[in-house]
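my_file_10.json, holding JSON, C-alpha atoms and all ligand atoms:
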[["chain", "number", "residue", "atom", "x", "y", "z"],
["W", 1, "MET", "CA", -47.09, 78.59, 12.63],
["W", 2, "SER", "CA", -44.23, 81.02, 12.24],
["W", 3, "PHE", "CA", -40.81, 81.06, 13.83],
["W", 4, "ASP", "CA", -38.60, 84.10, 13.60],
["W", 5, "CYS", "CA", -35.07, 82.97, 14.40],
["W", 6, "GLN", "CA", -33.84, 86.56, 14.54],
["W", 7, "THR", "CA", -36.01, 87.22, 17.59],
["W", 8, "CYS", "CA", -35.18, 83.88, 19.19],
["W", 9, "GLY", "CA", -31.64, 82.45, 19.05],
["W", 10, "LEU", "CA", -32.32, 79.81, 21.69],
["W", 11, "CYS", "CA", -30.81, 76.93, 19.75],
["W", 12, "CYS", "CA", -27.55, 78.94, 19.62],
["W", 13, "ALA", "CA", -27.51, 79.02, 23.42],
["W", 14, "TYR", "CA", -28.62, 75.51, 24.20],
["W", 15, "SER", "CA", -25.44, 73.59, 25.02],
["W", 16, "GLU", "CA", -21.72, 74.16, 25.31],
["W", 17, "SER", "CA", -21.16, 70.97, 23.34],
["W", 18, "TRP", "CA", -23.17, 72.12, 20.32],
["W", 19, "PRO", "CA", -22.61, 72.81, 17.51],
["W", 20, "VAL", "CA", -19.86, 70.40, 16.59],
["W", 21, "PHE", "CA", -18.13, 70.18, 13.23],
["W", 22, "ILE", "CA", -19.22, 67.01, 11.50],
["W", 23, "GLY", "CA", -17.30, 66.62, 8.31],
["W", 24, "ASP", "CA", -14.32, 67.54, 6.19],
["W", 25, "GLY", "CA", -14.27, 71.27, 5.65],
["W", 26, "ASP", "CA", -16.97, 71.95, 8.21],
["W", 27, "GLY", "CA", -15.91, 74.94, 10.30],
["W", 28, "LYS", "CA", -13.37, 76.15, 7.77],
["W", 29, "GLY", "CA", -13.15, 79.90, 7.49],
["W", 30, "ILE", "CA", -14.60, 80.56, 10.91],
["W", 31, "PRO", "CA", -12.37, 83.04, 12.78],
["W", 32, "ASP", "CA", -10.19, 81.36, 15.41],
["W", 33, "GLU", "CA", -11.73, 83.24, 18.31],
["W", 34, "PHE", "CA", -15.01, 81.40, 17.78],
["W", 35, "VAL", "CA", -13.54, 77.89, 17.51],
["W", 36, "ASP", "CA", -12.90, 75.25, 20.16],
["W", 37, "PHE", "CA", -10.14, 73.49, 18.27],
["W", 38, "GLU", "CA", -9.58, 70.79, 20.87],
["W", 39, "ASN", "CA", -13.17, 69.58, 20.67],
["W", 40, "GLN", "CA", -13.79, 70.54, 17.05],
["W", 41, "ARG", "CA", -16.82, 72.65, 17.69],
["W", 42, "MET", "CA", -17.89, 76.24, 18.18],
["W", 43, "LEU", "CA", -16.50, 77.91, 21.27],
["W", 44, "SER", "CA", -19.17, 78.64, 23.84],
["W", 45, "PHE", "CA", -19.47, 80.95, 26.78],
["W", 46, "GLY", "CA", -21.56, 78.80, 29.09],
["W", 47, "ASP", "CA", -24.19, 77.35, 26.80],
["W", 48, "ARG", "CA", -24.07, 80.27, 24.41],
["W", 49, "CYS", "CA", -22.17, 80.09, 21.14],
["W", 50, "THR", "CA", -19.61, 82.88, 21.02],
["W", 51, "ALA", "CA", -20.66, 83.78, 17.48],
["W", 52, "LEU", "CA", -24.17, 84.73, 18.58],
["W", 53, "GLU", "CA", -24.77, 88.44, 18.83],
["W", 54, "GLY", "CA", -27.65, 90.24, 20.48],
["W", 55, "LYS", "CA", -30.17, 89.45, 23.16],
["W", 56, "LEU", "CA", -31.90, 86.07, 23.35],
["W", 57, "GLY", "CA", -35.60, 86.22, 22.75],
["W", 58, "CYS", "CA", -35.36, 89.76, 21.48],
["W", 59, "GLN", "CA", -32.96, 90.40, 18.59],
["W", 60, "VAL", "CA", -30.09, 88.10, 17.62],
["W", 61, "SER", "CA", -27.82, 87.32, 14.73],
["W", 62, "CYS", "CA", -25.01, 84.94, 13.84],
["W", 63, "SER", "CA", -21.80, 86.87, 13.26],
["W", 64, "ILE", "CA", -20.44, 84.11, 11.02],
["W", 65, "TYR", "CA", -23.69, 83.30, 9.24],
["W", 66, "GLU", "CA", -22.13, 82.65, 5.82],
["W", 67, "LYS", "CA", -19.62, 80.24, 7.34],
["W", 68, "ARG", "CA", -21.72, 78.66, 10.08],
["W", 69, "PRO", "CA", -21.32, 74.93, 10.72],
["W", 70, "LEU", "CA", -23.37, 72.32, 8.92],
["W", 71, "VAL", "CA", -25.48, 71.45, 11.95],
["W", 72, "CYS", "CA", -26.54, 75.09, 12.17],
["W", 73, "ARG", "CA", -27.52, 75.07, 8.51],
["W", 74, "GLU", "CA", -29.55, 71.90, 8.95],
["W", 75, "PHE", "CA", -31.37, 72.91, 12.12],
["W", 76, "GLN", "CA", -34.94, 73.70, 11.10],
["W", 77, "ALA", "CA", -37.14, 76.32, 12.68],
["W", 78, "GLY", "CA", -40.36, 74.63, 13.72],
["W", 79, "SER", "CA", -38.78, 71.18, 13.93],
["W", 80, "GLU", "CA", -39.24, 68.87, 16.91],
["W", 81, "ASP", "CA", -35.79, 69.90, 18.20],
["W", 82, "CYS", "CA", -36.56, 73.60, 17.78],
["W", 83, "ILE", "CA", -39.79, 73.24, 19.76],
["W", 84, "MET", "CA", -37.98, 71.26, 22.44],
["W", 85, "VAL", "CA", -35.30, 73.94, 22.77],
["W", 86, "ARG", "CA", -37.87, 76.70, 22.99],
["W", 87, "SER", "CA", -39.93, 74.83, 25.55],
["W", 88, "ARG", "CA", -36.93, 74.17, 27.78],
["W", 89, "SER", "CA", -36.13, 77.85, 27.74],
["W", 90, "GLY", "CA", -39.63, 78.88, 28.74],
["W", 91, "PHE", "CA", -40.58, 80.35, 25.39],
["W", 92, "SER", "CA", -43.76, 79.48, 23.65],
["W", 93, "PRO", "CA", -43.03, 76.27, 21.75],
["W", 94, "THR", "CA", -45.18, 77.21, 18.80],
["W", 95, "SER", "CA", -44.99, 80.93, 18.14],
["W", 96, "THR", "CA", -42.55, 83.78, 18.32],
["V", 101, "LIG", "S1", -34.87, 77.57, 18.49],
["V", 101, "LIG", "FE1", -36.00, 77.44, 16.58],
["V", 101, "LIG", "S2", -36.97, 79.46, 16.30],
["V", 101, "LIG", "FE2", -35.31, 79.66, 17.81],
["V", 101, "LIG", "S3", -33.54, 80.32, 16.60],
["V", 101, "LIG", "FE3", -33.46, 78.09, 16.79],
["V", 101, "LIG", "S4", -34.48, 77.31, 14.94],
["V", 101, "LIG", "FE4", -35.01, 79.47, 15.17],
["V", 102, "LIG", "S1", -22.49, 79.40, 14.59],
["V", 102, "LIG", "FE1", -24.12, 80.90, 14.37],
["V", 102, "LIG", "S2", -25.95, 79.70, 13.89],
["V", 102, "LIG", "FE2", -24.41, 78.29, 14.75],
["V", 102, "LIG", "S3", -24.84, 78.18, 16.96],
["V", 102, "LIG", "FE3", -23.30, 79.78, 16.64],
["V", 102, "LIG", "S4", -24.48, 81.70, 16.44],
["V", 102, "LIG", "FE4", -25.90, 79.97, 16.12]]
Could I get this structure in the form of structure tokens?
Amino acid sequence: MSFDCQTCGLCCAYSESWPVFIGDGDGKGIPDEFVDFENQRMLSFGDRCTALEGKLGCQVSCSIYEKRPLVCREFQAGSEDCIMVRSRSGFSPTST
């Protein structure tokens, strides 16, 4: 099974309340325009993280990839959560 995150991006457009910063230093260095300081998480436009560039399900990238939050680093392509996100969005749960 293969998952190409750069043609997906669905977990970056799943919820306005995700991703949150979860520890000391998490979120540091991310430009202010992408940060919801009040709620200590990424700023979203609807459910979509403002740092996500491109078109969902086609070609996407994270504009702050090197500084992305911990939860983004830990989210695993092919995991139960990944498959759930893809299924909810109407994409094949198991292939790109
Ligand atoms: S939902 Fe899964 S395949 Fe899609 S970008 Fe996120 S981790 Fe990658
Ligand atoms: S910070 Fe980057 S990896 Fe994390 S949700 Fe936003 S676009 Fe996706």
Neighbours of Cys11 (chain W) within 10 Å (all atoms listed in the file; same-chain residues fewer than 5 positions away dropped), as a PyMOL selection string? chain W and resi 5+18-19+47-49+56+72+75+77+81-86+89
Set the cut-off to 6 Å, count only C-alpha atoms and all ligand atoms, and list whatever residues fall near ligand LIG 102 (chain V) as JSON, numbers by chain. {"W": [12, 19, 49, 51, 52, 62, 64, 65, 68, 72]}
Selection: 12 Å around region 40-46 of chain W, all atoms listed in the file, excl. self and same-chain fewer than 4 positions, as a ChimeraX atom specification: /W:12-28,30-36,50-52,64,67-72
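Minimum atom-to-atom distance to Phe3 (chain W), evaluated using all atoms listed in the file, belongs to W:Gln76 out of W:Asn39, W:Gln76, W:Ser87, W:Ser63.
Distance-wise, CA of Glu66 (chain W) and CA of Gly90 (chain W) end up 29.1 Å apart.
The shortest atom-to-atom distance to ligand LIG 101 (chain V), with only C-alpha atoms and all ligand atoms taken into account, belongs to W:Leu10 out of W:Arg88, W:Ser61, W:Leu10, W:Ser2.
Here CA of Gly57 (chain W) and CA of Glu80 (chain W) stand 18.7 Å from one another.
In terms of minimum interatomic distance to ligand LIG 101 (chain V), W:Gly78 ranks closest within W:Lys55, W:Gly78, W:Gly29, W:Phe37, counting all atoms listed in the file.
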